Structure formats: structure tokens, C-alpha cells
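S.K.: Let me give you the structure first, and then I'll get to my questions.
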Amino acid sequence: MIDNISLFTIWVTDQDASKRFYIDVLGFVEHTDVTMGDGFRWLTVAHPDHPELELTLTVPGPPLDDGMTEAVRRALANGTMGGFGMATSDCHAAYAELSAKGVEFVQPPSDRPYGVEAVMRDNSGNWLVLVENRPYTGEDFHHG
């Protein structure tokens with residue numbers, strides 16, 4: 001039986017720069033950084049409070065085919081690659097702290113039925129969402 005999600009891949013343009021961003025800016029910690037056969041680098045980081053979930057910072061390439069590799073590179077360059085969400089207890093404070101560190105936000109903290117949300121980009125163009133959750137039901141959403 002599956003216990004939990006343990007690994008999630010984030011496509012990046014530069015593993016060293018992304019490692020610095022996730023560690024120095026977002027506060028993650030290094031989990032694994034090894035070079036394997038054919039120069040492939042296995043680089044993972046994790047949130048210090050959740051080491052069971054590793055983010056693999058991977059440069060587009062094999063095992064992707066050439067077409068998919070190019071599509072991922074284009075999405076990163078356009079800043080339109082999806083990423084993941086991160087929970088925060090204070091979205092406004094996290095926004096201020098990360099903005100001061102130079103993080104690019106495409107949406108400042110905004111009230112949503114489910115909480116306060118801000119959207120940023122990492123240094124490779126992935127969209128990352130910060131969410132300060134609050135209890136909600138389906139009735140909190142507009143039904144049109």
C-alpha cells in the first residue's frame with residue numbers, strides 16, 4: 001500500500017543555481033547531491049520539517065525525448081511551467097520576506113475562499129504558490 005508521496009520532480013535550468021535558490025532563499029535543505037553514470041546528477045532538496053518529501057531538481061534531458069525536452073525548456077524560459085504549492089502560516093509575512101530576498105511574484109497575497117494566496121516564480125521559471133489555508137466548504141465558492 002502507498003504511504004505517501006516521497007519524491008517530486010521540478011525541472012530547472014541550472015542545478016547549482018536552483019540548489020542555492022531552494023536552500024538559501026526558500027529555506028530547504030540538501031538531501032542528496034551525487035553524480036551518477038553519464039554525468040547525470042541526482043540532486044534533491046527537502047523542507048527541514050518534511051524530509052520525507054524530496055524535490056528532485058532536474059535539468060530537462062534524458063529520459064525525455066528531444067521534443068519533450070525542448071517543450072519543457074520553452075515553458076521554463078517563458079515562466080509558464082507549473083510547480084507546486086507551499087503552506088505558510090502568514091502569507092503576507094512570507095511574501096514580504098521573500099520579496100526582500102529578490103523573489104519575483106506574479107501575484108501578491110490575495111484573499112481566496114480557501115485562504116490567502118500568493119504566486120511566485122523560482123529562478124528557473126516554475127510557478128510556486130504560497131497558501132495560508134483557512135477552513136472552507138464548497139459554499140464558499142461562487143457557483144455560476
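Chains: A, B, ... in order of the C-alpha cells. Residues: from 1 per chain. Ligands: from 1, in order shown.
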What are the DSSP alpha helix (DSSP H) residues of segment 27-107 of chain A, as a list in words?

M.R.: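 Those in segment 27-107 of chain A that DSSP calls alpha helix (DSSP H) are Asp66, Gly67, Met68, Thr69, Glu70, Ala71, Val72, Arg73, Arg74, Ala75, Leu76, Ala77, Asn78, Cys91, His92, Ala93, Ala94, Tyr95, Ala96, Glu97, Leu98, Ser99 and Ala100 of chain A.
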
S.K.: To test your reading of the structure, identify every residue in segment 55-133 of chain A that backbone DSSP assigns to strand (DSSP E or B), and report it as a PDB file with N, CA and C atoms, in the first residue's frame.

M.R.:
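Result file follows (part-v1.pdb):
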ATOM      1  N   LEU A  55      12.351  17.066  -3.257  1.00  0.00           N
ATOM      2  CA  LEU A  55      12.191  17.690  -4.568  1.00  0.00           C
ATOM      3  C   LEU A  55      13.436  17.375  -5.380  1.00  0.00           C
ATOM      4  N   THR A  56      13.252  16.753  -6.526  1.00  0.00           N
ATOM      5  CA  THR A  56      14.368  16.484  -7.425  1.00  0.00           C
ATOM      6  C   THR A  56      14.513  17.680  -8.347  1.00  0.00           C
ATOM      7  N   LEU A  57      15.653  18.327  -8.323  1.00  0.00           N
ATOM      8  CA  LEU A  57      15.927  19.478  -9.195  1.00  0.00           C
ATOM      9  C   LEU A  57      16.642  18.932 -10.422  1.00  0.00           C
ATOM     10  N   THR A  58      15.905  18.809 -11.518  1.00  0.00           N
ATOM     11  CA  THR A  58      16.391  18.098 -12.702  1.00  0.00           C
ATOM     12  C   THR A  58      16.405  18.990 -13.928  1.00  0.00           C
ATOM     13  N   MET A  81       5.937  27.285 -16.491  1.00  0.00           N
ATOM     14  CA  MET A  81       5.985  25.896 -16.039  1.00  0.00           C
ATOM     15  C   MET A  81       5.324  25.797 -14.674  1.00  0.00           C
ATOM     16  N   GLY A  82       4.462  24.830 -14.510  1.00  0.00           N
ATOM     17  CA  GLY A  82       3.823  24.607 -13.218  1.00  0.00           C
ATOM     18  C   GLY A  82       4.814  24.096 -12.206  1.00  0.00           C
ATOM     19  N   GLY A  83       4.477  24.244 -10.957  1.00  0.00           N
ATOM     20  CA  GLY A  83       5.350  23.782  -9.891  1.00  0.00           C
ATOM     21  C   GLY A  83       4.550  23.091  -8.813  1.00  0.00           C
ATOM     22  N   PHE A  84       4.506  23.706  -7.649  1.00  0.00           N
ATOM     23  CA  PHE A  84       3.816  23.105  -6.521  1.00  0.00           C
ATOM     24  C   PHE A  84       3.400  24.190  -5.552  1.00  0.00           C
ATOM     25  N   GLY A  85       2.611  23.807  -4.565  1.00  0.00           N
ATOM     26  CA  GLY A  85       2.151  24.736  -3.543  1.00  0.00           C
ATOM     27  C   GLY A  85       2.874  24.508  -2.234  1.00  0.00           C
ATOM     28  N   MET A  86       3.023  25.582  -1.470  1.00  0.00           N
ATOM     29  CA  MET A  86       3.653  25.519  -0.152  1.00  0.00           C
ATOM     30  C   MET A  86       2.743  26.191   0.861  1.00  0.00           C
ATOM     31  N   ALA A  87       2.550  25.555   1.991  1.00  0.00           N
ATOM     32  CA  ALA A  87       1.726  26.125   3.051  1.00  0.00           C
ATOM     33  C   ALA A  87       2.548  27.106   3.882  1.00  0.00           C
ATOM     34  N   GLU A 104      10.641  36.884  -7.436  1.00  0.00           N
ATOM     35  CA  GLU A 104       9.664  37.500  -8.336  1.00  0.00           C
ATOM     36  C   GLU A 104       8.282  36.921  -8.069  1.00  0.00           C
ATOM     37  N   PHE A 105       7.349  37.796  -7.716  1.00  0.00           N
ATOM     38  CA  PHE A 105       5.966  37.374  -7.511  1.00  0.00           C
ATOM     39  C   PHE A 105       5.138  37.826  -8.703  1.00  0.00           C
ATOM     40  N   VAL A 106       4.309  36.926  -9.207  1.00  0.00           N
ATOM     41  CA  VAL A 106       3.391  37.263 -10.292  1.00  0.00           C
ATOM     42  C   VAL A 106       2.018  37.613  -9.750  1.00  0.00           C
ATOM     43  N   GLN A 107       1.808  37.333  -8.457  1.00  0.00           N
ATOM     44  CA  GLN A 107       0.568  37.709  -7.787  1.00  0.00           C
ATOM     45  C   GLN A 107       0.866  37.943  -6.315  1.00  0.00           C
ATOM     46  N   PRO A 108       0.588  39.143  -5.804  1.00  0.00           N
ATOM     47  CA  PRO A 108       0.784  39.394  -4.375  1.00  0.00           C
ATOM     48  C   PRO A 108      -0.264  38.638  -3.566  1.00  0.00           C
ATOM     49  N   PRO A 109      -0.136  38.617  -2.245  1.00  0.00           N
ATOM     50  CA  PRO A 109      -1.141  37.932  -1.433  1.00  0.00           C
ATOM     51  C   PRO A 109      -2.547  38.426  -1.763  1.00  0.00           C
ATOM     52  N   SER A 110      -3.432  37.474  -2.012  1.00  0.00           N
ATOM     53  CA  SER A 110      -4.820  37.773  -2.384  1.00  0.00           C
ATOM     54  C   SER A 110      -5.744  36.852  -1.604  1.00  0.00           C
ATOM     55  N   ASP A 111      -6.868  37.405  -1.156  1.00  0.00           N
ATOM     56  CA  ASP A 111      -7.861  36.605  -0.445  1.00  0.00           C
ATOM     57  C   ASP A 111      -8.572  35.678  -1.412  1.00  0.00           C
ATOM     58  N   ARG A 112      -8.701  34.441  -1.006  1.00  0.00           N
ATOM     59  CA  ARG A 112      -9.414  33.407  -1.752  1.00  0.00           C
ATOM     60  C   ARG A 112     -10.365  32.719  -0.770  1.00  0.00           C
ATOM     61  N   GLY A 115      -8.279  30.716   1.644  1.00  0.00           N
ATOM     62  CA  GLY A 115      -7.214  31.347   2.409  1.00  0.00           C
ATOM     63  C   GLY A 115      -6.598  32.514   1.669  1.00  0.00           C
ATOM     64  N   VAL A 116      -5.355  32.794   1.985  1.00  0.00           N
ATOM     65  CA  VAL A 116      -4.609  33.866   1.326  1.00  0.00           C
ATOM     66  C   VAL A 116      -3.547  33.199   0.466  1.00  0.00           C
ATOM     67  N   GLU A 117      -3.452  33.650  -0.791  1.00  0.00           N
ATOM     68  CA  GLU A 117      -2.570  33.004  -1.763  1.00  0.00           C
ATOM     69  C   GLU A 117      -1.697  34.039  -2.453  1.00  0.00           C
ATOM     70  N   ALA A 118      -0.424  33.694  -2.654  1.00  0.00           N
ATOM     71  CA  ALA A 118       0.494  34.492  -3.465  1.00  0.00           C
ATOM     72  C   ALA A 118       1.183  33.534  -4.433  1.00  0.00           C
ATOM     73  N   VAL A 119       1.498  34.021  -5.625  1.00  0.00           N
ATOM     74  CA  VAL A 119       2.133  33.179  -6.636  1.00  0.00           C
ATOM     75  C   VAL A 119       3.474  33.798  -7.017  1.00  0.00           C
ATOM     76  N   MET A 120       4.503  32.974  -7.002  1.00  0.00           N
ATOM     77  CA  MET A 120       5.858  33.439  -7.335  1.00  0.00           C
ATOM     78  C   MET A 120       6.469  32.519  -8.369  1.00  0.00           C
ATOM     79  N   ARG A 121       7.624  32.922  -8.853  1.00  0.00           N
ATOM     80  CA  ARG A 121       8.412  32.075  -9.752  1.00  0.00           C
ATOM     81  C   ARG A 121       9.731  31.756  -9.070  1.00  0.00           C
ATOM     82  N   ASN A 126       9.530  28.208 -12.787  1.00  0.00           N
ATOM     83  CA  ASN A 126       8.417  27.435 -12.242  1.00  0.00           C
ATOM     84  C   ASN A 126       7.520  28.324 -11.401  1.00  0.00           C
ATOM     85  N   TRP A 127       6.215  28.147 -11.520  1.00  0.00           N
ATOM     86  CA  TRP A 127       5.256  28.853 -10.685  1.00  0.00           C
ATOM     87  C   TRP A 127       5.116  28.102  -9.377  1.00  0.00           C
ATOM     88  N   LEU A 128       5.294  28.796  -8.267  1.00  0.00           N
ATOM     89  CA  LEU A 128       5.125  28.219  -6.942  1.00  0.00           C
ATOM     90  C   LEU A 128       4.064  29.026  -6.214  1.00  0.00           C
ATOM     91  N   VAL A 129       3.195  28.359  -5.502  1.00  0.00           N
ATOM     92  CA  VAL A 129       2.086  29.014  -4.823  1.00  0.00           C
ATOM     93  C   VAL A 129       2.305  28.937  -3.319  1.00  0.00           C
ATOM     94  N   LEU A 130       2.166  30.081  -2.648  1.00  0.00           N
ATOM     95  CA  LEU A 130       2.165  30.140  -1.189  1.00  0.00           C
ATOM     96  C   LEU A 130       0.719  30.259  -0.737  1.00  0.00           C
ATOM     97  N   VAL A 131       0.297  29.416   0.194  1.00  0.00           N
ATOM     98  CA  VAL A 131      -1.087  29.462   0.646  1.00  0.00           C
ATOM     99  C   VAL A 131      -1.150  29.440   2.168  1.00  0.00           C
ATOM    100  N   GLU A 132      -1.845  30.428   2.700  1.00  0.00           N
ATOM    101  CA  GLU A 132      -2.211  30.447   4.113  1.00  0.00           C
ATOM    102  C   GLU A 132      -3.639  29.909   4.159  1.00  0.00           C
ATOM    103  N   ASN A 133      -3.754  28.646   4.495  1.00  0.00           N
ATOM    104  CA  ASN A 133      -5.049  27.964   4.438  1.00  0.00           C
ATOM    105  C   ASN A 133      -5.987  28.426   5.548  1.00  0.00           C
TER     106      ASN A 133
END

S.K.: Quick one: pull the distance between atom CA of Pro60 of chain A and atom CA of Ile10 of chain A, Å, one decimal.

M.R.: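 Computing the Euclidean distance for atom CA of Pro60 of chain A and atom CA of Ile10 of chain A yields 9.6 Å.
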
S.K.: Hey, what's within 12 Å of Ser18 of chain A if we count only C-alpha atoms and toss same-chain stuff fewer than 4 positions away? As a PyMOL selection string, please?

M.R.: chain A and resi 10-14+22-26+28+30+43-45+55-59+121-126

S.K.: Restricting the output to C-alpha atoms, write the selected residues as a compact mmCIF listing (two decimals), in the first residue's frame.

M.R.:
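Heads up, here's the output in part-v5.txt:
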# COMPACT_ATOMS: atom_id res chain seq x y z
CA ILE A 10 10.95 20.13 -10.58
CA TRP A 11 12.50 20.97 -13.94
CA VAL A 12 15.25 23.57 -13.62
CA THR A 13 17.60 25.38 -15.97
CA ASP A 14 20.69 25.24 -13.74
CA TYR A 22 15.77 26.44 -2.77
CA ILE A 23 18.25 26.32 0.12
CA ASP A 24 19.31 29.96 0.59
CA VAL A 25 16.05 31.67 -0.36
CA LEU A 26 13.27 29.20 0.48
CA PHE A 28 15.06 23.94 2.15
CA GLU A 30 20.11 19.46 0.77
CA LEU A 43 20.05 16.45 -6.77
CA THR A 44 17.28 16.58 -4.19
CA VAL A 45 16.28 19.08 -1.52
CA LEU A 55 12.19 17.69 -4.57
CA THR A 56 14.37 16.48 -7.42
CA LEU A 57 15.93 19.48 -9.20
CA THR A 58 16.39 18.10 -12.70
CA VAL A 59 17.60 19.67 -15.94
CA ARG A 121 8.41 32.08 -9.75
CA ASP A 122 11.53 30.24 -8.81
CA ASN A 123 14.79 31.10 -10.56
CA SER A 124 14.03 28.65 -13.39
CA GLY A 125 10.54 29.90 -14.25
CA ASN A 126 8.42 27.43 -12.24

S.K.: Let me make sure I understand: among A:Gly67, A:Pro62, A:Leu53, A:Ala77, which one has the smallest atom-to-atom distance to Asp38 of chain A if we use only C-alpha atoms?

M.R.: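 Closest residue, counting only C-alpha atoms: A:Pro62.
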
S.K.: I need the residue nearest Asp16 of chain A from this list: A:Arg74, A:Arg41, A:Gly61, A:Leu98. Use only C-alpha atoms for the distance.

M.R.: A:Arg41

S.K.: Work out how far apart atom CA of Thr32 of chain A and atom CA of Ile5 of chain A are and give it in Å to one decimal.

M.R.: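 The value is 17.1 Å.
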
S.K.: What is the atom CA of Val29 of chain A-atom CA of Pro51 of chain A distance in Å, reported with one decimal?

M.R.: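 Going from atom CA of Val29 of chain A over to atom CA of Pro51 of chain A, I get 8.6 Å.
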
S.K.: Excluding Asn4 of chain A and any residue of its chain fewer than 6 positions from it, enumerate the residues within 12 Å of it, using only C-alpha atoms, and give them as a short mmCIF file (atom, residue, chain, number, x, y, z; two decimals) with C-alpha atoms, in the first residue's frame.

M.R.:
data_model
loop_
_atom_site.label_atom_id
_atom_site.label_comp_id
_atom_site.auth_asym_id
_atom_site.auth_seq_id
_atom_site.Cartn_x
_atom_site.Cartn_y
_atom_site.Cartn_z
CA HIS A 50 9.30 17.29 5.96
CA GLU A 52 10.17 12.50 3.70
CA LEU A 53 9.26 14.57 0.61
CA GLU A 54 12.23 15.27 -1.64
#

S.K.: Closest to Lys101 of chain A among A:Asp3, A:Gly27, A:Gln15, A:His142, using only C-alpha atoms?

M.R.: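 When distances to Lys101 of chain A are compared using only C-alpha atoms, the smallest one comes from A:Gly27.
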